[in-house]
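Q: Handing over work-v6.txt, compact mmCIF, C-alpha atoms.
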# COMPACT_ATOMS: atom_id res chain seq x y z
CA MET A 59 0.00 0.00 0.00
CA PRO A 60 1.89 3.11 -1.16
CA LEU A 61 1.77 6.05 1.20
CA THR A 62 1.65 8.76 -1.39
CA GLY A 63 -0.98 10.15 -3.70
CA ASN A 64 -0.69 13.85 -4.27
CA ALA A 65 1.97 13.83 -1.58
CA ASN A 66 4.49 12.71 -4.18
CA ASP A 67 7.33 14.66 -2.70
CA ILE A 68 7.41 12.60 0.51
CA ASP A 69 10.69 10.82 1.08
CA ILE A 70 9.50 7.79 3.01
CA ARG A 71 12.95 6.93 4.34
CA GLU A 72 13.27 10.47 5.69
CA PHE A 73 9.76 10.16 7.11
CA TYR A 74 10.74 6.93 8.89
CA GLU A 75 13.85 8.62 10.29
CA SER A 76 11.84 11.62 11.47
CA ILE A 77 9.70 9.23 13.55
CA VAL A 78 12.76 7.47 14.98
CA ASP A 79 14.22 10.89 15.92
CA PHE A 80 10.87 12.32 17.04
CA ALA A 81 11.39 12.19 20.81
CA HIS A 82 14.56 14.28 20.87
CA ASP A 83 14.42 16.44 17.74
CA GLU A 84 11.81 19.17 17.26
CA LYS A 85 12.66 19.51 13.57
CA ALA A 86 11.90 15.82 13.16
CA GLN A 87 8.57 16.48 14.87
CA GLU A 88 7.76 19.25 12.42
CA ARG A 89 8.69 17.03 9.45
CA TYR A 90 6.55 14.26 10.86
CA TYR A 91 3.47 16.45 11.40
CA SER A 92 3.89 18.06 7.99
CA VAL A 93 3.90 14.67 6.24
CA MET A 94 1.05 13.26 8.30
CA ASP A 95 -1.20 16.23 7.50
CA SER A 96 -0.45 16.29 3.77
CA PRO A 97 -3.26 15.19 1.45
CA THR A 98 -2.91 12.06 -0.65
CA GLY A 99 -5.27 13.34 -3.33
CA ARG A 100 -7.85 10.68 -2.52
CA LEU A 101 -11.09 10.99 -0.63
CA ASN A 102 -12.17 9.25 2.54
CA ARG A 103 -15.47 7.41 2.54
CA ASP A 104 -17.12 10.39 4.20
CA GLY A 105 -15.98 12.62 1.33
CA SER A 106 -13.26 14.42 3.27
CA ASP A 107 -9.76 14.74 1.84
CA GLU A 108 -7.63 11.77 2.75
CA THR A 109 -4.35 12.66 4.50
CA VAL A 110 -1.23 10.56 4.88
CA ARG A 111 -2.35 9.99 8.50
CA ASP A 112 -5.65 8.52 7.26
CA ARG A 113 -3.85 6.40 4.70
CA ILE A 114 -1.45 5.02 7.28
CA LEU A 115 -4.20 4.22 9.76
CA LYS A 116 -6.16 2.43 7.03
CA ALA A 117 -3.08 0.40 6.13
CA TYR A 118 -2.42 -0.42 9.79
CA ALA A 119 -6.05 -1.49 10.25
CA MET A 120 -5.89 -3.76 7.22
CA LEU A 121 -2.60 -5.38 8.21
CA PHE A 122 -2.91 -5.79 11.95
CA CYS A 123 -6.45 -5.22 13.19
CA GLU A 124 -8.40 -8.03 11.57
CA GLU A 125 -10.00 -8.92 14.91
CA ALA A 126 -11.25 -5.38 15.54
CA GLY A 127 -14.17 -5.69 13.14
CA LEU A 128 -13.30 -2.55 11.19
CA GLU A 129 -14.93 -1.95 7.83
CA PRO A 130 -12.66 -2.09 4.78
CA GLY A 131 -11.11 1.36 4.37
CA GLU A 132 -11.76 2.33 7.97
CA CYS A 133 -8.93 3.91 9.96
CA ALA A 134 -7.46 2.17 13.00
CA GLY A 135 -8.13 4.28 16.09
CA VAL A 136 -6.21 4.62 19.30
CA ASP A 137 -7.83 1.52 20.81
CA GLU A 138 -7.07 -0.66 17.81
CA VAL A 139 -3.43 0.44 17.67
CA ALA A 140 -2.93 0.17 21.44
CA ASP A 141 -4.53 -3.28 21.49
CA THR A 142 -2.35 -4.61 18.67
CA ALA A 143 1.00 -2.91 19.33
CA ASP A 144 2.27 -5.71 21.54
CA ARG A 145 1.80 -8.34 18.85
CA LEU A 146 4.51 -7.11 16.47
CA TYR A 147 7.93 -8.77 16.49
CA ILE A 148 11.04 -8.39 14.39
CA GLY A 149 12.18 -11.65 12.82
CA ASP A 150 10.95 -14.01 15.52
CA MET A 151 8.54 -13.77 18.37
CA GLY A 152 10.39 -12.56 21.45
CA TYR A 153 10.03 -10.05 24.23
CA ASP A 154 13.52 -8.58 24.34
CA PRO A 155 14.12 -5.12 22.82
CA ASP A 156 15.66 -6.64 19.66
CA HIS A 157 12.48 -8.51 18.81
CA TRP A 158 9.57 -6.74 20.47
CA TYR A 159 8.76 -3.93 18.08
CA ARG A 160 7.20 -1.34 20.38
CA MET A 161 9.91 -1.87 22.95
CA LYS A 162 12.72 -1.52 20.44
CA TYR A 163 11.28 1.83 19.41
CA HIS A 164 10.38 2.98 22.91
CA PHE A 165 6.61 3.21 22.96
CA PRO A 166 5.96 2.31 26.62
CA VAL A 167 2.48 3.83 26.48
CA ILE A 168 0.29 4.14 23.39
CA ASP A 169 -2.37 6.83 23.60
CA GLU A 170 -3.99 9.65 21.60
CA ASP A 171 -0.68 11.47 21.40
CA ASN A 172 1.26 8.75 19.68
CA TYR A 173 -0.92 5.97 18.29
CA ASP A 174 -0.78 7.41 14.78
CA ARG A 175 2.99 7.85 15.12
CA PHE A 176 3.35 4.20 16.10
CA ALA A 177 1.28 3.13 13.09
CA ALA A 178 3.31 5.47 10.86
CA LEU A 179 6.55 4.01 12.21
CA VAL A 180 5.49 0.46 11.40
CA ILE A 181 4.18 1.29 7.93
CA SER A 182 7.12 3.52 6.97
CA ASP A 183 9.57 0.93 8.33
CA MET A 184 7.92 -1.70 6.14
CA ASN A 185 8.06 0.67 3.17
CA ALA A 186 11.53 2.11 3.51
CA GLY A 187 13.15 1.19 6.84
CA PRO A 188 15.11 -1.78 8.13
CA LEU A 189 12.04 -4.01 7.85
CA HIS A 190 11.83 -3.18 4.14
CA GLU A 191 15.53 -3.87 3.63
CA ALA A 192 15.26 -7.13 5.54
CA ALA A 193 12.27 -8.22 3.47
CA MET A 194 14.14 -7.42 0.25
CA ASN A 195 17.18 -9.36 1.42
CA ASP A 196 15.27 -12.37 2.80
CA GLY A 197 16.18 -11.32 6.31
CA ASP A 198 14.05 -10.65 9.31
CA THR A 199 10.56 -9.50 8.46
CA LEU A 200 7.77 -8.33 10.70
CA VAL A 201 6.15 -11.21 12.53
CA VAL A 202 2.63 -10.78 13.86
CA GLY A 203 1.43 -12.82 16.79
CA GLU A 204 -1.88 -12.86 18.62
CA ALA A 205 -3.21 -9.80 20.40
CA ASP A 206 -2.55 -9.10 24.09
CA PRO A 207 0.37 -11.44 24.84
CA LEU A 208 0.88 -9.86 28.28
CA HIS A 209 -2.33 -11.42 29.51
CA MET A 210 -1.57 -14.89 28.14
CA THR A 211 0.02 -17.67 30.12
CA PRO A 212 3.61 -18.53 29.11
CA GLU A 213 2.27 -21.65 27.41
CA GLN A 214 -0.32 -19.67 25.44
CA ARG A 215 2.39 -17.27 24.32
CA ARG A 216 4.59 -20.13 23.16
CA ASN A 217 1.72 -21.72 21.23
CA GLN A 218 0.25 -18.58 19.69
CA THR A 219 -0.24 -18.34 15.95
CA VAL A 220 2.26 -16.13 14.18
CA ARG A 221 2.52 -14.95 10.60
CA SER A 222 5.05 -13.00 8.64
CA VAL A 223 4.01 -9.74 7.01
CA ALA A 224 5.90 -7.76 4.38
CA LEU A 225 4.93 -5.17 1.80
CA HIS A 226 6.19 -6.16 -1.62
CA ALA A 227 7.31 -3.76 -4.31
CA GLY A 228 3.82 -3.34 -5.73
CA GLY A 229 2.53 -2.44 -2.35
CA GLU A 230 0.39 -5.51 -1.85
CA LYS A 231 0.43 -7.61 1.27
CA MET B 1101 4.49 3.22 47.82
CA ASN B 1102 3.90 0.62 45.10
CA ILE B 1103 6.28 -2.34 45.05
CA LEU B 1104 6.52 -4.93 42.27
CA ALA B 1105 8.27 -8.22 42.96
CA VAL B 1106 9.08 -10.69 40.19
CA ASP B 1107 10.71 -14.05 40.70
CA SER B 1108 10.10 -17.25 38.75
CA ASP B 1109 10.81 -19.26 41.91
CA LYS B 1110 7.64 -19.48 43.97
CA LYS B 1111 9.51 -20.03 47.24
CA ALA B 1112 11.75 -17.00 46.63
CA LEU B 1113 8.68 -14.89 45.86
CA GLU B 1114 7.02 -16.00 49.10
CA ASP B 1115 10.18 -15.04 51.00
CA ILE B 1116 10.05 -11.56 49.46
CA ARG B 1117 6.38 -11.31 50.38
CA SER B 1118 7.05 -12.08 54.03
CA ILE B 1119 9.90 -9.54 54.14
CA LEU B 1120 7.73 -6.83 52.59
CA ASP B 1121 4.80 -7.69 54.85
CA LYS B 1122 7.08 -7.18 57.82
CA HIS B 1123 9.08 -4.14 56.74
CA ARG B 1124 6.79 -2.29 54.34
CA PRO B 1125 3.32 -3.12 55.72
CA LYS B 1126 1.74 0.01 54.24
CA ALA B 1127 3.08 -0.55 50.74
CA GLU B 1128 0.86 -1.78 47.91
CA CYS B 1129 2.72 -4.88 46.72
CA TYR B 1130 2.30 -6.88 43.52
CA TYR B 1131 3.87 -10.33 43.16
CA PHE B 1132 4.47 -12.12 39.86
CA MET B 1133 6.26 -15.22 38.66
CA ASP B 1134 5.64 -14.13 35.06
CA PRO B 1135 7.59 -10.98 34.08
CA LEU B 1136 5.21 -10.15 31.23
CA ALA B 1137 2.25 -10.16 33.59
CA ALA B 1138 4.31 -7.89 35.84
CA LEU B 1139 4.82 -5.51 32.93
CA ALA B 1140 1.07 -5.46 32.31
CA GLN B 1141 0.60 -4.42 35.95
CA ALA B 1142 3.26 -1.72 35.67
CA ARG B 1143 1.45 -0.22 32.69
CA GLU B 1144 -1.55 0.35 34.93
CA THR B 1145 0.13 1.28 38.22
CA GLU B 1146 3.08 3.58 38.81
CA ILE B 1147 5.73 1.39 40.40
CA ASP B 1148 8.12 2.95 42.93
CA VAL B 1149 10.23 -0.11 43.71
CA ALA B 1150 10.74 -3.23 41.59
CA ILE B 1151 12.47 -6.27 43.07
CA LEU B 1152 13.44 -8.32 40.04
CA GLU B 1153 15.07 -11.68 39.53
CA VAL B 1154 17.66 -11.30 36.76
CA ASP B 1155 17.14 -14.61 34.96
CA THR B 1156 13.42 -14.74 34.36
CA PRO B 1157 12.13 -16.69 31.35
CA GLU B 1158 10.82 -14.92 28.20
CA LEU B 1159 11.65 -11.43 29.47
CA SER B 1160 14.83 -11.05 31.49
CA GLY B 1161 14.87 -8.98 34.64
CA MET B 1162 17.31 -6.58 32.99
CA ASP B 1163 14.96 -5.96 30.03
CA LEU B 1164 11.95 -5.70 32.32
CA GLY B 1165 13.88 -3.12 34.35
CA ARG B 1166 14.54 -1.08 31.18
CA TYR B 1167 10.83 -1.16 30.30
CA LEU B 1168 9.90 -0.13 33.85
CA LYS B 1169 12.30 2.80 33.65
CA GLU B 1170 10.62 3.95 30.45
CA LEU B 1171 7.31 3.90 32.30
CA ASN B 1172 8.73 5.64 35.38
CA PRO B 1173 12.29 7.05 35.20
CA TYR B 1174 12.40 7.17 39.01
CA VAL B 1175 11.60 3.53 39.66
CA ASN B 1176 13.99 1.92 42.13
CA LEU B 1177 15.26 -1.35 40.66
CA ILE B 1178 16.57 -3.96 43.08
CA TYR B 1179 18.02 -7.00 41.36
CA LEU B 1180 18.22 -10.53 42.72
CA ASN B 1181 20.68 -12.91 41.12
CA ASP B 1182 22.53 -16.13 41.85
CA SER B 1183 25.86 -14.42 41.28
CA GLU B 1184 27.39 -10.99 40.82
CA SER B 1185 27.57 -11.54 37.05
CA HIS B 1186 25.03 -8.82 36.16
CA ALA B 1187 26.04 -6.33 38.83
CA TYR B 1188 27.87 -4.10 36.33
CA ASP B 1189 24.86 -4.14 33.97
CA ALA B 1190 22.66 -3.20 36.91
CA MET B 1191 25.01 -0.39 37.83
CA ARG B 1192 24.96 0.94 34.25
CA MET B 1193 21.16 0.98 34.45
CA HIS B 1194 21.45 3.01 37.65
CA ALA B 1195 19.66 0.32 39.58
CA SER B 1196 19.05 1.04 43.23
CA GLY B 1197 20.35 -2.24 44.61
CA TYR B 1198 21.63 -5.75 43.95
CA VAL B 1199 21.28 -8.80 46.16
CA VAL B 1200 23.04 -12.11 45.57
CA LYS B 1201 20.66 -14.99 46.19
CA PRO B 1202 19.58 -16.49 48.41
CA GLY B 1203 20.09 -13.27 50.34
CA ASP B 1204 18.33 -12.75 53.60
CA GLU B 1205 15.91 -10.40 55.25
CA LYS B 1206 18.75 -8.08 56.24
CA ASP B 1207 19.98 -7.71 52.63
CA ILE B 1208 16.53 -6.86 51.24
CA ARG B 1209 15.78 -4.52 54.10
CA TYR B 1210 19.09 -2.73 53.58
CA GLU B 1211 18.19 -2.12 49.93
CA LEU B 1212 14.70 -0.91 50.83
CA ASP B 1213 16.17 1.49 53.36
CA SER B 1214 18.69 2.95 50.92
CA LEU B 1215 16.69 3.53 47.76
CA ARG B 1216 18.22 5.52 44.95
CA TYR B 1217 15.00 7.54 44.64
CA PRO B 1218 13.55 7.58 48.16
CA GLU B 1219 9.99 8.65 48.77
CA ILE B 1220 11.12 11.87 50.38
CA ARG B 1221 12.44 12.90 46.96
CA LYS B 1222 8.83 13.28 45.83
CA LYS B 1223 8.43 15.98 48.43
CA LEU B 1224 11.17 18.14 46.90
CA LYS B 1225 9.20 20.25 44.48
CA ARG B 1226 10.88 22.02 41.59
CA VAL B 1227 7.64 23.24 40.08
CA PHE B 1228 5.61 26.13 41.42
CA ALA B 1229 2.23 26.97 39.93
CA GLN B 1230 1.01 30.47 40.69
CA THR B 1231 -2.75 30.75 40.32
CA PHE B 1232 -3.54 33.79 42.45
CA GLY B 1233 -3.35 36.76 40.08
CA ASN B 1234 -2.21 35.72 36.62
CA PHE B 1235 -1.42 32.06 36.10
CA GLU B 1236 2.26 31.28 35.73
CA LEU B 1237 4.32 28.11 35.93
CA PHE B 1238 7.84 28.20 37.36
CA VAL B 1239 10.55 25.53 37.31
CA ASP B 1240 13.50 26.09 39.60
CA GLY B 1241 12.28 29.65 40.05
CA GLU B 1242 12.15 30.53 36.34
CA PRO B 1243 8.93 30.96 34.35
CA VAL B 1244 8.44 28.13 31.84
CA GLU B 1245 8.28 29.03 28.17
CA PHE B 1246 6.05 26.90 26.00
CA LYS B 1247 6.03 26.95 22.22
CA TYR B 1248 2.30 27.71 22.22
CA SER B 1249 0.49 29.88 24.77
CA ARG B 1250 -2.38 27.38 24.68
CA THR B 1251 -0.07 24.76 26.17
CA LYS B 1252 0.32 26.85 29.32
CA GLU B 1253 -3.43 27.15 29.40
CA ILE B 1254 -3.72 23.35 29.42
CA VAL B 1255 -1.50 23.24 32.52
CA ALA B 1256 -3.76 25.88 34.09
CA ILE B 1257 -6.84 23.77 33.30
CA LEU B 1258 -5.24 20.69 34.91
CA ILE B 1259 -4.35 22.67 38.02
CA ASN B 1260 -7.82 24.17 38.14
CA ASN B 1261 -9.11 20.58 38.20
CA LYS B 1262 -6.92 19.94 41.25
CA GLY B 1263 -5.34 16.69 40.18
CA ALA B 1264 -8.44 15.06 38.71
CA GLN B 1265 -8.09 13.36 35.35
CA THR B 1266 -9.32 15.79 32.69
CA THR B 1267 -10.54 14.43 29.38
CA ASN B 1268 -9.53 15.75 25.98
CA GLY B 1269 -13.14 16.83 25.51
CA GLU B 1270 -13.09 18.88 28.71
CA ILE B 1271 -9.82 20.52 27.72
CA ILE B 1272 -11.15 21.34 24.26
CA ALA B 1273 -14.33 22.80 25.80
CA ASP B 1274 -12.25 25.13 27.98
CA LEU B 1275 -9.72 26.09 25.32
CA TRP B 1276 -12.30 26.74 22.62
CA GLU B 1277 -15.70 27.65 23.89
CA ASP B 1278 -17.42 27.09 20.52
CA ASP B 1279 -17.93 23.56 19.18
CA ALA B 1280 -16.98 24.06 15.54
CA ASP B 1281 -14.44 21.80 13.74
CA PRO B 1282 -13.99 19.18 16.50
CA ASP B 1283 -11.55 17.08 14.40
CA LYS B 1284 -9.33 20.08 13.73
CA LYS B 1285 -9.33 20.94 17.41
CA LEU B 1286 -8.43 17.40 18.43
CA SER B 1287 -5.52 17.49 15.99
CA TYR B 1288 -4.39 20.85 17.40
CA LEU B 1289 -4.74 19.48 20.92
CA CYS B 1290 -2.34 16.65 19.99
CA ASN B 1291 0.25 19.28 18.99
CA LEU B 1292 -0.29 21.09 22.28
CA ARG B 1293 0.05 17.87 24.26
CA GLN B 1294 3.28 17.17 22.39
CA ASP B 1295 4.51 20.69 23.20
CA LEU B 1296 3.66 20.02 26.83
CA GLN B 1297 5.60 16.77 26.77
CA ASN B 1298 8.60 18.35 24.99
CA THR B 1299 8.75 21.20 27.48
CA PHE B 1300 8.42 18.98 30.53
CA THR B 1301 10.99 16.53 29.14
CA LYS B 1302 13.39 19.43 28.50
CA HIS B 1303 13.05 20.43 32.15
CA LYS B 1304 13.31 16.78 33.30
CA LEU B 1305 9.86 16.88 34.85
CA ASP B 1306 8.83 13.29 34.33
CA GLY B 1307 5.83 12.24 36.34
CA VAL B 1308 4.35 15.71 36.85
CA ILE B 1309 1.71 15.11 34.18
CA LEU B 1310 -0.11 11.81 34.59
CA LYS B 1311 -1.44 10.64 31.26
CA GLN B 1312 -4.13 8.10 30.68
CA ARG B 1313 -5.77 7.23 27.41
CA GLY B 1314 -7.92 10.23 26.49
CA SER B 1315 -7.22 12.24 29.60
CA MET B 1316 -4.49 13.68 31.77
CA ALA B 1317 -3.97 15.12 35.22
CA ILE B 1318 -1.42 17.07 37.18
CA ALA B 1319 0.34 15.11 39.94
CA ARG B 1320 -0.58 17.53 42.70
CA ASP B 1321 1.81 15.94 45.18
CA ARG B 1322 4.75 16.78 42.88
CA ILE B 1323 4.20 20.50 42.56
CA GLU B 1324 3.93 23.47 44.87
CA CYS B 1325 0.80 25.45 44.14
CA ASP B 1326 -0.67 28.43 45.98
CA LEU B 1327 -4.21 27.21 45.28
CA PHE B 1328 -3.63 23.71 46.67
CA ASP B 1329 -1.79 25.02 49.71
CA TRP B 1330 -4.39 27.67 50.50
CA MET B 1331 -7.36 25.34 50.03
CA GLU B 1332 -5.82 22.76 52.34
CA ASP B 1333 -5.50 25.22 55.19
CA PRO B 1334 -6.69 28.74 54.28
CA GLU B 1335 -6.00 30.14 57.70
CA HIS B 1336 -2.38 29.06 57.99
CA SER B 1337 -1.32 28.98 54.35
CA LYS B 1338 1.59 31.20 53.38
CA TYR B 1339 -0.44 32.19 50.32
CA LYS B 1340 -3.41 34.57 50.49
CA TYR B 1341 -6.32 34.66 48.09
CA ILE B 1342 -7.39 38.27 47.59
CA GLY B 1343 -9.94 37.89 44.85
CA ASP B 1344 -7.68 37.27 41.85
CA TYR B 1345 -7.44 33.83 40.31
CA MET B 1346 -6.01 32.90 36.91
CA ASN B 1347 -7.05 36.30 35.65
CA GLN B 1348 -6.19 35.71 32.01
CA TYR B 1349 -8.58 32.76 31.56
CA SER B 1350 -12.32 33.31 31.26
CA TRP B 1351 -13.16 29.70 32.18
CA ALA B 1352 -11.56 30.28 35.60
CA GLU B 1353 -14.24 32.82 36.55
CA SER B 1354 -16.56 30.08 37.76
CA VAL B 1355 -14.02 29.08 40.43
CA HIS B 1356 -13.98 32.61 41.87
CA ALA B 1357 -17.29 32.05 43.64
CA GLU B 1358 -15.97 28.96 45.41
CA LEU B 1359 -12.75 30.72 46.45
CA ASP B 1360 -14.64 33.86 47.50
CA GLU B 1361 -16.94 31.81 49.70
CA ILE B 1362 -14.01 30.15 51.48
CA SER B 1363 -12.37 33.53 51.83
CA TYR B 1364 -15.51 35.21 53.31
CA ASP B 1365 -15.92 32.39 55.83
CA LEU B 1366 -12.34 32.86 56.85
CA TYR B 1367 -12.53 36.57 57.54
CA GLU B 1368 -16.00 36.67 59.08
The structure in this file should be written as structure tokens.
A:
Amino acid sequence: MPLTGNANDIDIREFYESIVDFAHDEKAQERYYSVMDSPTGRLNRDGSDETVRDRILKAYAMLFCEEAGLEPGECAGVDEVADTADRLYIGDMGYDPDHWYRMKYHFPVIDEDNYDRFAALVISDMNAGPLHEAAMNDGDTLVVGEADPLHMTPEQRRNQTVRSVALHAGGEK
Amino acid sequence: MNILAVDSDKKALEDIRSILDKHRPKAECYYFMDPLAALAQARETEIDVAILEVDTPELSGMDLGRYLKELNPYVNLIYLNDSESHAYDAMRMHASGYVVKPGDEKDIRYELDSLRYPEIRKKLKRVFAQTFGNFELFVDGEPVEFKYSRTKEIVAILINNKGAQTTNGEIIADLWEDDADPDKKLSYLCNLRQDLQNTFTKHKLDGVILKQRGSMAIARDRIECDLFDWMEDPEHSKYKYIGDYMNQYSWAESVHAELDEISYDLYE
């Protein structure tokens, strides 16, 4: 799912890096907000102009929120992102900072202030970050487990269903 | 004080429980054999002290400690390990203590009595909120500059709510009294909340704003505030209300009546 429509001038790698640098660099914050608010040239279902933020949240919903019962083309909201953020792993399922996605990128709490940034990080990483490079080189891709692993028993965590997700060149899952 | 104890050995965990029952009877204690369940608890409760076994399965005590520090930079980490092999790692994490197992009551008690971030630290307040007259926020005696003036107004709203969680909707209603363009306002509010976070992070004021999903509050025990002090004991407070309160904000007018009433009772 490409991020850009009318927002053709977006450098997705730079966008990914602006999210990684977001916490300690105000210029990165400005770049991030500017990209997120830019229109894609498409329309949302309600007729409003679709922004990159909308596009990202739709992509996140499609890829990771299948249990949330969202309509096709509906944006993931703060609850959907917060409820699914723990299920993303790099390469293999694991809860250390090298494998647990939200922990590697320091999202201890996911709320209204950062849920869209977390979704944008994942999607831009898959498009142009290390996850993209790994997918192109047959390396570690994003692995998606079941929702809410913290409230599973150790045995349930070990036996959970996992799948690998990567965006290919054409943008399809 | 909230204490989290994690040990995959049930007997060791029971030993910790009996020590805490004896030496910290007033503390709220949480005991887990599963470190991931402990992390789930820490996401819901601010943890002051975490007593962590180093070699826990799935999520090591060292990694759990790092996650806990992201949730609360002032958490006191006390590690339990079979050897001294992770003591240097613990030191680099600025852990509060390290006990070589089996350890005894004396060892744990010593660590509890010499915390890196003792509770008394919470009483040292770097932030002063002036509400009588014009609202102003000071850190270490200097007024705080925010990128947007509306951000300061959010702090004023949280103080006006006296530590209660305040929803985004309530903040929006105070900041913008009309109800046009709610989506645009929510987006603007996100920028303001980010400005608030940037400014507080710059001043190393972690834990002064308590965020929950969709709402936030001021940690009233971590700031000095003329309003809070005066309302607690109007007669003996070093601050005096003389009819001026957050003068620059129209939404604060409704509080005047309450403050006036207290003031009239006092001087009658």
Q: Counting only C-alpha atoms, which residues have an atom no more than 12 Å from (-8.9, 30.3, 61.4) in the file's coordinates? Please list them as an mmCIF file with C-alpha atoms, in the coordinates of the input.
A:
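For reference, result-v8.cif as written:
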data_model
loop_
_atom_site.group_PDB
_atom_site.id
_atom_site.type_symbol
_atom_site.label_atom_id
_atom_site.label_comp_id
_atom_site.auth_asym_id
_atom_site.auth_seq_id
_atom_site.Cartn_x
_atom_site.Cartn_y
_atom_site.Cartn_z
ATOM 1 C CA ASP B 1333 -5.500 25.220 55.190
ATOM 2 C CA PRO B 1334 -6.690 28.740 54.280
ATOM 3 C CA GLU B 1335 -6.000 30.140 57.700
ATOM 4 C CA HIS B 1336 -2.380 29.060 57.990
ATOM 5 C CA SER B 1337 -1.320 28.980 54.350
ATOM 6 C CA ILE B 1362 -14.010 30.150 51.480
ATOM 7 C CA SER B 1363 -12.370 33.530 51.830
ATOM 8 C CA TYR B 1364 -15.510 35.210 53.310
ATOM 9 C CA ASP B 1365 -15.920 32.390 55.830
ATOM 10 C CA LEU B 1366 -12.340 32.860 56.850
ATOM 11 C CA TYR B 1367 -12.530 36.570 57.540
ATOM 12 C CA GLU B 1368 -16.000 36.670 59.080
#
Q: Excluding Asn217 in chain A and any residue of its chain fewer than 5 positions from it, enumerate the residues within 12 Å of it, using all atoms listed in the file, and give them as JSON, numbers by chain.
A: {"A": [151, 203, 204, 207, 210, 211, 212]}
Q: Tell me which protein, DNA and RNA residues are within 9 Å of Asp206 in chain A, counting all atoms listed in the file, leaving out same-chain ones fewer than 3 positions away, and put them as a PyMOL selection string.
A: chain A and resi 141-145+209-210
Q: One decimal, in Å: what's the spacing between CA of Tyr1174 in chain B and CA of Ala1127 in chain B?
A: 16.9 Å
Q: Please return, as a list of chain:residue names, all residues of chain A lying within 6 Å of chain B when all atoms listed in the file are considered.
A: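 Selected residues: A:Tyr153, A:Asp169, A:Asp171, A:Leu208.
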Q: Keeping only C-alpha atoms, write the selected residues as a short mmCIF file (atom, residue, chain, number, x, y, z; two decimals), keeping the file's coordinate frame.
A:
data_model
loop_
_atom_site.label_atom_id
_atom_site.label_comp_id
_atom_site.auth_asym_id
_atom_site.auth_seq_id
_atom_site.Cartn_x
_atom_site.Cartn_y
_atom_site.Cartn_z
CA TYR A 153 10.03 -10.05 24.23
CA ASP A 169 -2.37 6.83 23.60
CA ASP A 171 -0.68 11.47 21.40
CA LEU A 208 0.88 -9.86 28.28
#
Q: One decimal, Å: what's the distance from CA of Ile1272 in chain B over to CA of Leu1359 in chain B, could you say?
A: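 So the two atoms, CA of Ile1272 in chain B and CA of Leu1359 in chain B, lie 24.1 Å apart.
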Q: Have a look at CA of Arg1322 in chain B and CA of Tyr163 in chain A and let me know their distance in Å, one decimal.
A: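 Rounded to one decimal, the two atoms are 28.6 Å apart.
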Q: In terms of the shortest atom-to-atom distance over only C-alpha atoms, which of A:Glu124, A:Asp174, A:Asp112, A:Asp156 is closest to Ala140 in chain A?
A: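 Looking only at the distances to Ala140 in chain A, the closest residue turns out to be A:Asp174.
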Q: Between B:Val1239, B:Phe1232, B:Leu1310, B:Glu1245, single out the one closest to Glu1146 in chain B, counting all atoms listed in the file.
A: B:Leu1310
Q: Restricting the calculation to only C-alpha atoms: of A:Leu101, A:Ile68, A:Arg221, A:Arg160, which residue gets closest to Val180 in chain A?
A: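 Among the listed residues, A:Arg160 lies closest to Val180 in chain A.
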Q: Return the padded bounding box of range 1263-1268 of chain B as JSON: axis-aligned, built from all atoms listed in the file, 6 Å added on each side, with centre and edge lengths in Å to one decimal.
A:
{"center_x": -7.9, "center_y": 15.0, "center_z": 33.1, "size_x": 17.2, "size_y": 15.3, "size_z": 26.2}
Q: Can you work out which one of B:Lys1262, B:Arg1117, B:Lys1304, B:Lys1201 has the shortest atom-to-atom distance to Asn1181 in chain B, counting all atoms listed in the file?
A: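 That would be B:Lys1201, the residue with the smallest distance to Asn1181 in chain B.
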Q: Of the candidates A:Ser222, A:Thr199, A:Asn102, A:Thr109, which shows the shortest atom-to-atom distance to Ile148 in chain A, using only C-alpha atoms?
A: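 Selected residue with least distance to Ile148 in chain A: A:Thr199.
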Q: Around (8.1, 0.9, 45.9) in the file's frame, which residues reach within 8 Å when counting all atoms listed in the file? Return as a list in words?
A: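 Residues with an atom at most 8 Å from (8.1, 0.9, 45.9): Met1101, Asn1102, Ile1103, Leu1104, Ala1127, Glu1128, Cys1129, Ile1147, Asp1148, Val1149, Ala1150, Val1175 and Asn1176 of chain B.
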Q: Write out, as a PDB file, in the frame of the given file, the residues just selected, with C-alpha atoms.
A:
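Once everything was written out, this is part-v6.pdb:
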ATOM      1  CA  MET B1101       4.490   3.220  47.820  1.00  0.00           C
ATOM      2  CA  ASN B1102       3.900   0.620  45.100  1.00  0.00           C
ATOM      3  CA  ILE B1103       6.280  -2.340  45.050  1.00  0.00           C
ATOM      4  CA  LEU B1104       6.520  -4.930  42.270  1.00  0.00           C
ATOM      5  CA  ALA B1127       3.080  -0.550  50.740  1.00  0.00           C
ATOM      6  CA  GLU B1128       0.860  -1.780  47.910  1.00  0.00           C
ATOM      7  CA  CYS B1129       2.720  -4.880  46.720  1.00  0.00           C
ATOM      8  CA  ILE B1147       5.730   1.390  40.400  1.00  0.00           C
ATOM      9  CA  ASP B1148       8.120   2.950  42.930  1.00  0.00           C
ATOM     10  CA  VAL B1149      10.230  -0.110  43.710  1.00  0.00           C
ATOM     11  CA  ALA B1150      10.740  -3.230  41.590  1.00  0.00           C
ATOM     12  CA  VAL B1175      11.600   3.530  39.660  1.00  0.00           C
ATOM     13  CA  ASN B1176      13.990   1.920  42.130  1.00  0.00           C
TER      14      ASN B1176
END
Q: What's the 12 Å shell around Met194 in chain A, counting only C-alpha atoms, without same-chain residues fewer than 2 positions away, as a list in words?
A: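 Result of the neighbour search: Met184, Asn185, Ala186, Gly187, Pro188, Leu189, His190, Glu191, Ala192, Asp196, Gly197, Asp198, Thr199, Ala224, Leu225, His226 and Ala227 of chain A.
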